Structures are given as C-alpha cells and as structure tokens.
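Engineer: If it helps, the file is called target29.cif and holds mmCIF, C-alpha atoms:
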data_protein
#
loop_
_atom_site.label_atom_id
_atom_site.label_comp_id
_atom_site.auth_asym_id
_atom_site.auth_seq_id
_atom_site.Cartn_x
_atom_site.Cartn_y
_atom_site.Cartn_z
CA MET A 117 87.11 73.26 109.09
CA LYS A 118 90.40 74.98 108.42
CA PRO A 119 90.93 77.79 110.96
CA LEU A 120 89.86 81.11 109.52
CA LYS A 121 93.02 82.85 110.64
CA ARG A 122 95.10 80.63 108.40
CA ARG A 123 92.81 81.40 105.50
CA LEU A 124 92.46 85.09 106.28
CA LEU A 125 96.14 85.86 106.55
CA ALA A 126 97.82 84.89 103.34
CA SER A 127 101.26 83.53 104.14
CA ALA A 128 102.57 84.40 100.70
CA LEU A 129 102.08 88.18 100.62
CA ALA A 130 105.75 88.60 99.87
CA ALA A 131 105.21 86.66 96.64
CA ALA A 132 103.12 89.50 95.21
CA VAL A 133 104.91 91.15 92.32
CA LEU A 134 105.95 94.70 93.16
CA ALA A 135 106.67 96.01 89.68
CA GLY A 136 104.30 97.08 86.94
CA SER A 137 106.54 95.32 84.43
CA ALA A 138 104.67 92.12 85.25
CA ALA A 139 101.41 93.61 84.01
CA CYS A 140 99.32 91.37 81.84
CA GLY A 141 96.48 93.66 80.79
CA SER A 142 97.02 93.09 77.08
CA GLY A 143 98.58 89.65 77.26
CA GLU A 144 97.87 86.39 75.55
CA GLY A 145 95.67 84.82 78.20
CA THR A 146 91.92 84.69 77.82
CA GLY A 147 90.78 83.26 81.16
CA THR A 148 88.54 80.83 79.34
CA SER A 149 88.15 77.07 79.68
CA ALA A 150 88.48 74.48 76.92
CA ASP A 151 84.77 74.73 76.09
CA GLY A 152 84.87 78.49 75.81
CA GLY A 153 83.48 79.22 79.26
CA LEU A 154 85.17 81.24 81.97
CA THR A 155 87.65 79.98 84.55
CA LEU A 156 87.51 80.86 88.24
CA TRP A 157 90.37 80.35 90.70
CA THR A 158 90.06 80.12 94.48
CA HIS A 159 92.42 79.47 97.39
CA ASN A 160 89.91 77.14 99.08
CA ALA A 161 91.18 73.67 98.15
CA GLY A 162 91.88 72.99 101.83
CA ASN A 163 88.61 74.44 103.07
CA PRO A 164 85.71 72.24 101.91
CA GLU A 165 83.01 74.33 103.63
CA GLU A 166 83.84 77.55 101.84
CA LEU A 167 84.64 75.78 98.59
CA ALA A 168 81.22 74.14 98.64
CA VAL A 169 79.52 77.54 98.83
CA VAL A 170 81.63 78.87 95.95
CA GLU A 171 80.82 75.79 93.88
CA GLN A 172 77.10 76.17 94.60
CA ILE A 173 77.12 79.80 93.46
CA VAL A 174 78.89 78.72 90.27
CA ALA A 175 76.47 75.80 89.76
CA ASP A 176 73.52 78.17 90.05
CA TRP A 177 75.13 80.47 87.51
CA ASN A 178 75.86 77.62 85.11
CA ALA A 179 72.28 76.36 85.31
CA ALA A 180 71.00 79.81 84.36
CA HIS A 181 73.72 80.53 81.77
CA PRO A 182 74.54 77.24 79.98
CA GLU A 183 76.19 79.18 77.15
CA LYS A 184 78.55 80.97 79.57
CA LYS A 185 79.59 78.25 82.01
CA ILE A 186 82.23 78.85 84.65
CA THR A 187 84.80 76.24 85.68
CA VAL A 188 86.21 76.27 89.22
CA GLN A 189 89.83 75.46 89.97
CA ALA A 190 90.76 75.34 93.67
CA PHE A 191 94.32 75.67 95.00
CA PRO A 192 95.78 75.08 98.46
CA GLN A 193 96.17 78.47 100.12
CA ALA A 194 99.89 78.02 100.70
CA ALA A 195 100.47 77.80 96.95
CA TYR A 196 97.79 80.19 95.76
CA ASN A 197 99.57 83.56 95.56
CA GLU A 198 102.54 82.00 93.83
CA ALA A 199 100.20 80.35 91.32
CA VAL A 200 98.57 83.68 90.51
CA VAL A 201 101.92 85.44 90.08
CA ALA A 202 103.19 82.64 87.85
CA ALA A 203 100.01 82.70 85.77
CA ALA A 204 100.26 86.48 85.39
CA THR A 205 103.85 86.20 84.21
CA ALA A 206 102.82 83.54 81.69
CA LYS A 207 99.74 85.60 80.72
CA LYS A 208 97.43 82.76 81.72
CA LEU A 209 95.33 84.25 84.48
CA PRO A 210 91.75 83.03 84.96
CA CYS A 211 88.87 85.45 84.39
CA ILE A 212 87.71 85.46 88.01
CA LEU A 213 89.92 84.99 91.06
CA ASP A 214 89.86 85.55 94.79
CA THR A 215 92.51 87.57 96.55
CA ASP A 216 93.41 88.41 100.14
CA ALA A 217 92.40 92.05 100.63
CA PRO A 218 95.88 93.47 101.39
CA THR A 219 97.23 92.17 98.06
CA VAL A 220 94.57 93.89 95.94
CA PRO A 221 96.42 97.22 95.41
CA ASN A 222 99.61 95.35 94.55
CA TRP A 223 97.91 93.17 91.96
CA ALA A 224 96.01 96.14 90.54
CA TYR A 225 99.26 98.11 90.24
CA ALA A 226 100.99 95.16 88.59
CA GLY A 227 98.22 95.02 86.01
CA TYR A 228 96.64 91.74 87.08
CA LEU A 229 93.21 93.19 87.84
CA VAL A 230 90.70 95.58 86.29
CA PRO A 231 88.27 97.90 88.12
CA LEU A 232 84.96 96.24 88.85
CA GLU A 233 81.73 97.31 87.18
CA ILE A 234 79.36 97.00 90.12
CA PRO A 235 76.60 99.55 90.77
CA ALA A 236 77.25 101.95 93.63
CA ASP A 237 73.98 101.02 95.32
CA LEU A 238 75.04 97.38 95.45
CA LEU A 239 78.48 98.23 96.89
CA ALA A 240 76.84 100.54 99.42
CA LYS A 241 75.21 97.52 101.06
CA GLN A 242 78.61 96.00 101.82
CA LEU A 243 80.61 96.45 105.00
CA PRO A 244 83.22 99.03 103.89
CA SER A 245 86.16 96.73 104.61
CA THR A 246 84.77 94.06 102.23
CA VAL A 247 85.38 96.31 99.23
CA GLY A 248 88.95 96.53 97.93
CA THR A 249 90.09 99.80 96.38
CA TYR A 250 93.23 101.35 94.92
CA GLN A 251 93.59 104.94 93.72
CA GLY A 252 89.89 105.55 94.14
CA LYS A 253 88.75 102.59 92.04
CA THR A 254 87.10 99.37 93.21
CA TYR A 255 89.02 96.21 92.29
CA SER A 256 87.51 93.56 94.57
CA VAL A 257 84.46 92.70 96.65
CA GLY A 258 83.98 90.07 99.36
CA TYR A 259 81.16 87.97 100.75
CA TYR A 260 82.38 88.13 104.35
CA GLU A 261 84.64 89.74 106.90
CA ALA A 262 86.55 88.64 110.00
CA ALA A 263 87.33 90.47 113.23
CA LEU A 264 89.52 90.36 116.30
CA GLY A 265 88.27 90.80 119.83
CA LEU A 266 89.43 90.82 123.42
CA PHE A 267 88.22 87.53 124.92
CA ALA A 268 87.98 87.65 128.71
CA ARG A 269 86.51 86.05 131.82
CA LYS A 270 83.82 88.12 133.51
CA SER A 271 84.81 86.68 136.87
CA ALA A 272 88.37 87.98 136.44
CA LEU A 273 87.10 91.45 135.57
CA ASN A 274 84.59 91.49 138.39
CA ALA A 275 87.22 90.41 140.90
CA ALA A 276 89.49 93.16 139.57
CA GLY A 277 86.76 95.70 140.16
CA VAL A 278 86.66 96.94 136.58
CA ARG A 279 83.61 97.47 134.42
CA ILE A 280 82.72 95.39 131.37
CA PRO A 281 83.48 97.58 128.33
CA THR A 282 81.13 97.89 125.34
CA LEU A 283 81.41 99.07 121.75
CA GLU A 284 79.68 102.26 122.82
CA GLN A 285 82.02 102.73 125.79
CA PRO A 286 85.27 100.81 125.41
CA TRP A 287 87.97 100.86 128.03
CA THR A 288 90.29 103.83 128.10
CA ALA A 289 94.02 103.16 128.26
CA THR A 290 93.91 103.95 131.97
CA GLU A 291 91.06 101.53 132.62
CA PHE A 292 92.81 98.78 130.70
CA ASP A 293 96.01 99.30 132.65
CA ARG A 294 94.04 99.21 135.89
CA ALA A 295 92.48 95.89 134.85
CA LEU A 296 95.87 94.42 133.98
CA ARG A 297 97.38 95.44 137.31
CA ALA A 298 94.48 94.14 139.37
CA ILE A 299 94.25 90.79 137.55
CA LYS A 300 98.00 90.20 137.80
CA SER A 301 98.10 91.10 141.47
CA SER A 302 95.41 88.52 142.19
CA GLY A 303 97.88 85.80 141.26
CA LYS A 304 95.11 83.59 139.88
CA TYR A 305 96.23 83.50 136.26
CA PRO A 306 99.73 82.71 134.97
CA ILE A 307 99.03 85.03 132.04
CA THR A 308 97.08 88.25 132.47
CA PHE A 309 96.71 89.16 128.79
CA ASP A 310 97.86 86.81 126.03
CA LEU A 311 98.72 88.64 122.81
CA GLY A 312 99.00 85.46 120.77
CA THR A 313 102.64 86.02 119.84
CA GLY A 314 103.20 82.30 119.29
CA ASP A 315 101.94 82.81 115.74
CA THR A 316 105.03 83.72 113.73
CA THR A 317 103.13 84.38 110.49
CA THR A 318 104.23 87.80 109.25
CA GLU A 319 100.75 88.99 108.40
CA TRP A 320 99.36 88.04 111.81
CA TRP A 321 101.73 90.53 113.44
CA THR A 322 100.46 93.34 111.21
CA TYR A 323 96.81 92.34 111.33
CA ALA A 324 96.82 91.83 115.08
CA TYR A 325 99.06 94.61 116.41
CA SER A 326 98.97 97.52 113.95
CA PRO A 327 95.40 98.41 115.08
CA PHE A 328 96.82 99.16 118.54
CA LEU A 329 99.39 101.43 116.86
CA GLN A 330 96.58 103.18 114.96
CA SER A 331 94.58 103.60 118.16
CA PHE A 332 97.59 105.41 119.64
CA GLY A 333 97.57 107.70 116.59
CA GLY A 334 100.41 106.17 114.57
CA ASP A 335 100.32 104.06 111.41
CA LEU A 336 102.44 102.07 109.00
CA ILE A 337 102.42 104.84 106.38
CA ASP A 338 101.16 108.38 105.91
CA ARG A 339 97.71 107.75 104.40
CA ASP A 340 97.45 111.29 103.04
CA THR A 341 100.24 110.75 100.51
CA TYR A 342 101.28 107.06 100.73
CA LYS A 343 104.81 108.32 100.12
CA THR A 344 106.44 108.05 103.54
CA SER A 345 106.37 106.25 106.88
CA SER A 346 108.49 108.87 108.62
CA GLY A 347 106.60 110.60 111.38
CA VAL A 348 103.77 108.08 111.55
CA LEU A 349 105.65 104.83 112.16
CA ASN A 350 108.37 106.45 114.25
CA GLY A 351 106.70 109.57 115.64
CA ASP A 352 105.88 110.24 119.27
CA LYS A 353 102.54 108.41 119.12
CA ALA A 354 104.10 105.36 117.53
CA LEU A 355 106.85 105.40 120.14
CA ALA A 356 104.21 105.49 122.88
CA TRP A 357 102.59 102.41 121.29
CA ALA A 358 105.92 100.58 121.12
CA ARG A 359 106.71 101.30 124.77
CA TRP A 360 103.23 100.18 125.82
CA LEU A 361 103.52 96.96 123.81
CA GLN A 362 106.96 96.20 125.17
CA GLY A 363 105.74 97.09 128.65
CA LEU A 364 103.14 94.32 128.55
CA VAL A 365 106.01 91.85 128.52
CA LYS A 366 108.33 93.74 130.86
CA GLN A 367 105.62 94.09 133.49
CA GLY A 368 104.76 90.41 133.27
CA TYR A 369 101.27 90.80 131.83
CA SER A 370 102.03 89.02 128.54
CA PRO A 371 104.56 86.36 127.58
CA GLN A 372 107.17 87.32 125.01
CA ARG A 373 106.27 84.18 123.10
CA SER A 374 102.83 82.67 123.55
CA SER A 375 102.11 79.01 123.00
CA GLN A 376 100.99 77.86 119.56
CA ASP A 377 97.37 77.89 120.74
CA ALA A 378 96.84 80.90 122.96
CA PHE A 379 93.08 80.52 122.83
CA ALA A 380 93.28 76.97 124.16
CA ASP A 381 95.34 78.34 127.05
CA PHE A 382 92.56 80.84 127.70
CA VAL A 383 89.90 78.11 127.64
CA ASN A 384 92.00 76.02 130.03
CA GLY A 385 92.30 78.84 132.57
CA LYS A 386 95.92 79.79 131.93
CA SER A 387 95.06 83.37 130.93
CA ALA A 388 92.43 85.87 132.01
CA MET A 389 92.29 87.61 128.63
CA VAL A 390 93.46 86.80 125.11
CA TRP A 391 93.64 88.79 121.87
CA SER A 392 92.09 86.52 119.27
CA GLY A 393 89.58 86.35 116.45
CA ILE A 394 86.13 85.32 115.38
CA TRP A 395 87.51 81.97 114.21
CA ASN A 396 87.83 80.99 117.89
CA SER A 397 84.46 82.37 119.01
CA GLY A 398 82.81 78.97 118.62
CA SER A 399 84.94 77.73 121.50
CA LEU A 400 83.99 80.59 123.82
CA SER A 401 81.11 78.50 125.16
CA LYS A 402 83.74 76.26 126.79
CA VAL A 403 84.48 79.13 129.17
CA GLU A 404 81.60 79.40 131.62
CA ASP A 405 81.84 83.17 132.02
CA GLY A 406 83.59 83.98 128.75
CA VAL A 407 82.84 87.21 126.94
CA VAL A 408 84.24 88.99 123.88
CA LEU A 409 85.01 92.70 124.22
CA PRO A 410 86.19 95.53 121.96
CA PRO A 411 89.84 96.62 122.20
CA PRO A 412 90.71 99.58 124.40
CA ASP A 413 90.78 103.16 123.13
CA PHE A 414 94.35 104.43 123.37
CA GLY A 415 93.46 107.96 122.34
CA ASN A 416 92.32 107.78 118.72
CA GLY A 417 89.44 105.36 119.07
CA PRO A 418 89.57 101.58 119.30
CA LYS A 419 90.66 99.84 116.08
CA ILE A 420 90.68 96.36 114.58
CA GLY A 421 92.05 95.16 111.26
CA GLY A 422 89.74 94.92 108.26
CA GLY A 423 89.81 93.10 104.94
CA SER A 424 89.49 89.37 104.27
CA TRP A 425 89.28 87.32 101.05
CA GLN A 426 87.60 89.09 98.14
CA TRP A 427 86.86 88.52 94.44
CA ALA A 428 88.27 90.25 91.38
CA VAL A 429 88.37 90.10 87.57
CA SER A 430 91.67 89.69 85.74
CA SER A 431 92.91 92.12 83.11
CA SER A 432 93.55 89.28 80.67
CA CYS A 433 89.97 87.97 80.73
CA ALA A 434 88.58 87.80 77.19
CA ASP A 435 85.00 88.15 78.42
CA LYS A 436 85.11 90.73 81.19
CA ALA A 437 81.43 91.56 80.72
CA THR A 438 80.36 88.05 81.70
CA ALA A 439 82.84 87.96 84.58
CA MET A 440 81.41 91.22 85.91
CA GLU A 441 77.87 89.93 85.46
CA TYR A 442 78.75 86.81 87.45
CA LEU A 443 80.19 88.81 90.35
CA ARG A 444 77.21 91.16 90.41
CA SER A 445 74.74 88.27 90.39
CA SER A 446 76.60 86.44 93.16
CA LEU A 447 76.24 89.28 95.65
CA THR A 448 72.85 88.13 96.88
CA ALA A 449 71.75 87.96 100.49
CA LYS A 450 71.29 84.19 100.10
CA SER A 451 74.83 83.60 98.83
CA ILE A 452 76.45 85.88 101.39
CA ALA A 453 74.44 84.32 104.21
CA ALA A 454 75.58 80.85 103.09
CA PHE A 455 79.21 81.74 103.86
CA ALA A 456 78.27 82.96 107.34
CA GLU A 457 76.21 79.84 108.03
CA LYS A 458 78.94 77.43 106.95
CA GLN A 459 81.75 79.19 108.80
CA ASN A 460 82.56 81.64 111.56
CA VAL A 461 82.60 84.71 109.31
CA ILE A 462 80.76 88.02 109.31
CA PRO A 463 78.16 88.40 106.54
CA ALA A 464 79.09 91.35 104.34
CA THR A 465 75.60 92.86 104.18
CA GLU A 466 72.75 93.55 106.58
CA GLU A 467 70.35 91.72 104.25
CA ALA A 468 72.47 88.58 104.55
CA ALA A 469 72.75 88.99 108.33
CA ALA A 470 68.96 88.87 108.51
CA LEU A 471 69.06 85.38 106.93
CA ALA A 472 71.99 83.91 108.89
CA PRO A 473 71.19 82.52 112.36
CA GLY A 474 72.81 84.48 115.16
CA TRP A 475 73.65 87.54 113.09
CA GLN A 476 70.42 89.48 113.52
CA PRO A 477 70.37 92.43 115.97
CA GLY A 478 70.63 90.94 119.44
CA GLY A 479 71.97 87.65 118.08
CA GLU A 480 74.82 85.80 119.74
CA LYS A 481 77.21 86.62 116.88
CA ARG A 482 76.09 90.19 116.26
CA PHE A 483 78.95 91.74 118.25
CA PHE A 484 81.46 90.98 115.50
CA LEU A 485 79.38 92.60 112.77
CA GLU A 486 78.86 95.76 114.80
CA GLU A 487 82.50 95.78 115.83
CA SER A 488 83.64 95.44 112.23
CA ARG A 489 81.31 98.18 111.05
CA LYS A 490 82.48 100.61 113.74
CA LEU A 491 86.15 99.77 114.30
CA ALA A 492 87.60 98.07 111.21
CA MET A 493 90.51 99.81 109.53
CA VAL A 494 91.88 98.27 106.34
CA ARG A 495 95.58 97.71 106.03
CA PRO A 496 97.20 100.46 103.95
CA PRO A 497 95.89 100.16 100.36
CA THR A 498 99.21 100.64 98.64
CA PRO A 499 101.04 98.30 96.23
CA GLY A 500 103.95 98.57 98.63
CA TYR A 501 102.04 96.75 101.35
CA PRO A 502 104.01 93.47 101.07
CA TYR A 503 107.16 95.37 102.07
CA LEU A 504 105.28 97.36 104.70
CA THR A 505 103.96 94.26 106.44
CA THR A 506 107.22 92.34 106.51
CA THR A 507 109.08 95.40 107.82
CA PHE A 508 106.44 96.19 110.45
CA ALA A 509 106.25 92.56 111.60
CA LYS A 510 110.02 92.40 112.06
CA ALA A 511 110.01 95.68 113.97
CA THR A 512 107.18 94.55 116.24
CA GLN A 513 108.91 91.25 116.96
CA ASP A 514 112.08 93.14 117.88
CA ILE A 515 110.12 95.46 120.17
CA ILE A 516 108.43 92.52 121.92
CA ALA A 517 111.87 90.93 122.32
CA GLY A 518 113.10 93.96 124.27
CA GLY A 519 114.95 96.04 121.69
CA ASP A 520 115.19 99.83 121.78
CA PRO A 521 111.83 101.07 120.46
CA LYS A 522 113.10 104.32 118.96
CA GLN A 523 115.98 102.69 117.10
CA ILE A 524 113.71 99.92 115.83
CA LEU A 525 110.98 102.27 114.58
CA ASP A 526 113.46 104.72 113.03
CA ARG A 527 115.09 101.87 111.14
CA ALA A 528 111.73 100.49 109.97
CA ALA A 529 110.51 103.89 108.76
CA ASN A 530 113.77 104.50 106.90
CA GLU A 531 113.66 101.08 105.24
CA ILE A 532 110.06 101.59 104.10
CA ASP A 533 110.83 105.07 102.79
CA ARG A 534 113.74 103.70 100.75
CA ASP A 535 111.47 101.03 99.27
CA LEU A 536 108.77 103.57 98.43
CA LYS A 537 111.24 105.90 96.76
CA SER A 538 112.95 103.14 94.79
CA ASN A 539 109.57 102.05 93.41
CA ASN A 540 108.42 105.56 92.50
CA TYR A 541 105.92 105.48 95.38
CA TYR A 542 103.88 102.77 93.64
CA GLY A 543 101.85 105.17 91.56
CA PHE A 544 101.08 107.76 94.24
#
Rewrite the structure of this file - the entire thing - as structure tokens.

Structural biologist:
Amino acid sequence: MKPLKRRLLASALAAAVLAGSAACGSGEGTGTSADGGLTLWTHNAGNPEELAVVEQIVADWNAAHPEKKITVQAFPQAAYNEAVVAAATAKKLPCILDTDAPTVPNWAYAGYLVPLEIPADLLAKQLPSTVGTYQGKTYSVGYYEAALGLFARKSALNAAGVRIPTLEQPWTATEFDRALRAIKSSGKYPITFDLGTGDTTTEWWTYAYSPFLQSFGGDLIDRDTYKTSSGVLNGDKALAWARWLQGLVKQGYSPQRSSQDAFADFVNGKSAMVWSGIWNSGSLSKVEDGVVLPPPDFGNGPKIGGGSWQWAVSSSCADKATAMEYLRSSLTAKSIAAFAEKQNVIPATEEAAALAPGWQPGGEKRFFLEESRKLAMVRPPTPGYPYLTTTFAKATQDIIAGGDPKQILDRAANEIDRDLKSNNYYGF
C-alpha cells in the first residue's frame, strides 16, 4: 500500500491555478464518456487498495443505473493536479473528480468546481474536516480523514516521571518541556523528540507544524478577513511558536534534519517520541510499549491538521444532476467503512465507524477518530493557500535551520500580504 502521507499531501499544490481567468464554468467540456455516460477522475492509480473501493462504488452505481454509467480514469498522484489544471484550461474536465482538501477553495475560485447539492442532514453526519467549503458553500466531501499524533514509549515517559496525557487532559507546554528535559537527561535515546523534518515535501511542513503555531495562538492568515497575515503569522504568539520550534533543535531534543524514515528510527529505539501520522500506526505494534498521544496544549488548545482527499463536481459537467446523485448515493456507511477497512484512514461518519473493525468506541483505532473530531483544524480555506503553504514551509525550514525568527516571520507575512493584495484577496 502506498503510504497515506504521500497520498494525503499533494506534492503539486503549487500547480493549482490562482486566477479566475482559468474558469471553465461555461466551457466546451461536457465531462461525459464516449457512450454518453459520466467520467470520473481520481489520483489513485498508484494506490490499488483505494482505487478498488472507488471502482466498486462506481460498479454498484453502474449496475443500478445502466443508462447513466460512470467511467473511471485513474492518474498517478504526482501528475494528477497538473492533469486537472490542463483539462480545465482545455475545457475538458471530467464530471466527477477527487481533490486534496487544501486545493478546493483554489479550484472553486478558478471556476473548476460547482457547489454540491447534498442535504444538510447527510453532511451533518460527516467529520467537519471531511467537508470542503469556500465562501460559505460546500464544494467537496470525503469518505475519510487522516490525523497526526505524538507516538511515544511509555517506558520513557514513566522513567521521566511524567504522566501519560489524554485527549481530555493533554500535556501543557510546561509538562511537555519537563518530559523533554527528563528524557534527554537520561541519555538513553539519541533523539528525544523527532519532528520528522527529513520529509522535504512543502505541504508536510504546513500540515505537520502549523497546528503547533495555531496552538500557540498564531496562524498562517487572519481567518476573520482572509486579507492579511500580518499580526497572526508574525505576532507575539507566532514568534513564541518559532522560538519554541527552533529551541527543540538548539537544546538538542530534535535533529535539524531527521532521517527519511523517522518512524522507523522510533521503532528501532533511536527516538523516545516522534511526530507522525495514522499511516504509521500499523507499525506501532512493533514497539512493545508504544502509545499514540495527542499533541500538547501550548495555550490555545491542542491542534492537528485536518482535510484529506475529497470529491467534487466540475463546472463543465453537462449532467450535474446525475453527478450530484452519484455523490449523494456513495456516502453510505458501507462505502465509507470500506475505505477504513482497506487502509489506515479514519471513517468520515460514526455510522461507518460502527461497521469498520477497530473504529468502534473503545476500539484500537478509535483514538484517531476522536482526536480528529476534537482537534482537527483545516488549513486556511482561501484560494491563496498554494502561496501560503509554500511561503510558510520556507519560513519554517529557515527557522529550524537557525535563522532569526522575527526577520523570517516578518518577511513571510509581508510576502503573503503582497500576494493577497495583488490577487484582490481571492474574492474575500
């Protein structure tokens, strides 16, 4: 199975078109196949498990609607975003397509997508972060979610004399610092807390580290207006986050550059704790006393990133009614549970969790569902997100490398503000 992180974090976010001039709402495309049915595009060509579930949902639809058949076309993830942008430019988008959650506002703004017609009671069953919105309208819906967690060794925490945190009572910043100090002073582990910085993918840096910033009280952008980053990305709370993050390296708790497989290092006893995701939880059993914990609360509640792959309807689809009907009919507990059973992903509804082994209350996987429900914060739903994430990732890398936090954050906030202004604030 292809690691979820590689599927979750689209490497081609920067390929998303940032201008409404690429809109294709009234273009020539129809999104239909040669026989008059609908076309569906997915990024899952390299992920046979997920693709098989998608194909089964489509097969069930086709059996029940022979006059409105859907044809699946799967792309490798690395080429998927570029394929969608090219198809939009040529006005040849499919009717139904999947999209990584952070790109949804950008594609909606560019005119690729139309608001979904899904009853409110059906959407209400979904984990909030599995529903993609822009300007108050719903443009996408997903079958599953992912989540990060703090993987640790109970023996290391017990030896350090610190309590095991829970979702109901996570560590405070002071408690986490105390744990770091005690574990490092024991000398047992070369790495106290591995951040996973060996992954150079831009979106990993935003997905993994911006929740810490948000827990401190900062953010990538002012979510009241979506018109500025000044004061939230470079304010006092953001500066406190940057100094804390940089301090993990300076104090010897975390390496500036992790290995390519930080979780393997954790399994092999090189680190006491590692910041990683649900995609690695299947390997936790290799650690005799391994446990997954929520992140610390740095003052504004613990946070994790939210938003994985979701489904949308294109603006150029000639039969939007059927496309909407397909999406509505696919959101069954059985279909959603199938994704969770085939992969390490969080089922998007409680009804599906009841059908998927391990996801029921008290189940071995339940932590991630509860964590996602309580702590997930979607990345800023603005069409300017591709610029936000590349700028934030670069700033975070510079901070980790030892640069001056204030200068780095001031520069990043100014660059984002210039981009927002030059693009008329992306519709806000």

Engineer: Taking the point (82.8, 83.3, 129.6) as given in the file, collect each protein or nucleic acid residue that comes within 12 Å of it, counting only C-alpha atoms, and present the set as a PDB file with C-alpha atoms, in the frame of the given file.

Structural biologist:
ATOM      1  CA  LEU A 266      89.430  90.820 123.420  1.00  0.00           C
ATOM      2  CA  PHE A 267      88.220  87.530 124.920  1.00  0.00           C
ATOM      3  CA  ALA A 268      87.980  87.650 128.710  1.00  0.00           C
ATOM      4  CA  ARG A 269      86.510  86.050 131.820  1.00  0.00           C
ATOM      5  CA  LYS A 270      83.820  88.120 133.510  1.00  0.00           C
ATOM      6  CA  SER A 271      84.810  86.680 136.870  1.00  0.00           C
ATOM      7  CA  ALA A 272      88.370  87.980 136.440  1.00  0.00           C
ATOM      8  CA  LEU A 273      87.100  91.450 135.570  1.00  0.00           C
ATOM      9  CA  PHE A 382      92.560  80.840 127.700  1.00  0.00           C
ATOM     10  CA  VAL A 383      89.900  78.110 127.640  1.00  0.00           C
ATOM     11  CA  ASN A 384      92.000  76.020 130.030  1.00  0.00           C
ATOM     12  CA  GLY A 385      92.300  78.840 132.570  1.00  0.00           C
ATOM     13  CA  ALA A 388      92.430  85.870 132.010  1.00  0.00           C
ATOM     14  CA  MET A 389      92.290  87.610 128.630  1.00  0.00           C
ATOM     15  CA  SER A 397      84.460  82.370 119.010  1.00  0.00           C
ATOM     16  CA  GLY A 398      82.810  78.970 118.620  1.00  0.00           C
ATOM     17  CA  SER A 399      84.940  77.730 121.500  1.00  0.00           C
ATOM     18  CA  LEU A 400      83.990  80.590 123.820  1.00  0.00           C
ATOM     19  CA  SER A 401      81.110  78.500 125.160  1.00  0.00           C
ATOM     20  CA  LYS A 402      83.740  76.260 126.790  1.00  0.00           C
ATOM     21  CA  VAL A 403      84.480  79.130 129.170  1.00  0.00           C
ATOM     22  CA  GLU A 404      81.600  79.400 131.620  1.00  0.00           C
ATOM     23  CA  ASP A 405      81.840  83.170 132.020  1.00  0.00           C
ATOM     24  CA  GLY A 406      83.590  83.980 128.750  1.00  0.00           C
ATOM     25  CA  VAL A 407      82.840  87.210 126.940  1.00  0.00           C
ATOM     26  CA  VAL A 408      84.240  88.990 123.880  1.00  0.00           C
ATOM     27  CA  LEU A 409      85.010  92.700 124.220  1.00  0.00           C
TER      28      LEU A 409
END

Engineer: Neighbouring residues of region 155-172 of chain A were defined as those with any atom within 8 Å, considering all atoms listed in the file; residues of the same chain fewer than 3 positions away were excluded. Please report them as number ranges by chain.

Structural biologist: A: 117-118, 147-149, 175-176, 186-193, 196, 210-214, 451, 454-455, 458-459

Engineer: Would you translate the PyMOL selection byres ((chain A and resi 313) around 9) into the concrete set of residues it matches in this file, as a ChimeraX atom specification?

Structural biologist: /A:310-312,314-316,320-321,371-376,378,513,516

Engineer: Using all atoms listed in the file, what does the table of region 260-357 of chain A residues within 10 Å of region 465-484 of chain A look like, with each row giving the shortest atom pair and its distance in Å to one decimal, sorted by chain and ascending number, as CSV?

Structural biologist:
residue,atom,partner,partner_atom,distance
A:Tyr260,CA,A:Thr465,CA,8.3
A:Glu261,CA,A:Phe484,CA,9.3
A:Ala262,CA,A:Phe484,CA,7.9
A:Ala263,CA,A:Phe484,CA,6.3
A:Leu264,CA,A:Phe484,CA,8.1
A:Gly265,CA,A:Phe484,CA,8.1
A:Thr282,CA,A:Phe483,CA,9.6
A:Leu283,CA,A:Phe483,CA,8.5

Engineer: Running the PyMOL selection byres ((chain A and resi 352) around 12) on this model by hand, what would come out? Give it as a ChimeraX atom specification.

Structural biologist: /A:329,332-335,346-351,353-359,521-522,525-526

Engineer: List the residues matched by the PyMOL selection byres ((chain A and resi 305) around 9) in the displayed structure as a PDB file with C-alpha atoms, in the coordinates of the input, ordered by chain and then by residue number.

Structural biologist:
ATOM      1  CA  ILE A 299      94.250  90.790 137.550  1.00  0.00           C
ATOM      2  CA  LYS A 300      98.000  90.200 137.800  1.00  0.00           C
ATOM      3  CA  SER A 302      95.410  88.520 142.190  1.00  0.00           C
ATOM      4  CA  GLY A 303      97.880  85.800 141.260  1.00  0.00           C
ATOM      5  CA  LYS A 304      95.110  83.590 139.880  1.00  0.00           C
ATOM      6  CA  PRO A 306      99.730  82.710 134.970  1.00  0.00           C
ATOM      7  CA  ILE A 307      99.030  85.030 132.040  1.00  0.00           C
ATOM      8  CA  THR A 308      97.080  88.250 132.470  1.00  0.00           C
ATOM      9  CA  GLY A 385      92.300  78.840 132.570  1.00  0.00           C
ATOM     10  CA  LYS A 386      95.920  79.790 131.930  1.00  0.00           C
ATOM     11  CA  SER A 387      95.060  83.370 130.930  1.00  0.00           C
ATOM     12  CA  ALA A 388      92.430  85.870 132.010  1.00  0.00           C
TER      13      ALA A 388
END

Engineer: From the set A:Tyr369, A:Trp395, A:Phe544, A:Tyr325, which residue has the shortest atom-to-atom contact distance to Tyr250 (chain A), counting all atoms listed in the file?

Structural biologist: A:Phe544

Engineer: Just to confirm, what's the straight-line distance from CA of Asn197 (chain A) to CA of Ser245 (chain A) in Å (one decimal)?

Structural biologist: 20.9 Å

Engineer: For region 335-386 of chain A against region 535-538 of chain A, with a cut-off of 10 Å and counting only C-alpha atoms, what is the closest atom pair and its distance in Å to one decimal for every residue that makes the cut, ordered by chain and number, as JSON lines?

Structural biologist:
{"residue": "A:Tyr342", "atom": "CA", "partner": "A:Leu536", "partner_atom": "CA", "distance": 8.6}
{"residue": "A:Lys343", "atom": "CA", "partner": "A:Leu536", "partner_atom": "CA", "distance": 6.4}
{"residue": "A:Thr344", "atom": "CA", "partner": "A:Leu536", "partner_atom": "CA", "distance": 7.2}
{"residue": "A:Ser345", "atom": "CA", "partner": "A:Leu536", "partner_atom": "CA", "distance": 9.2}
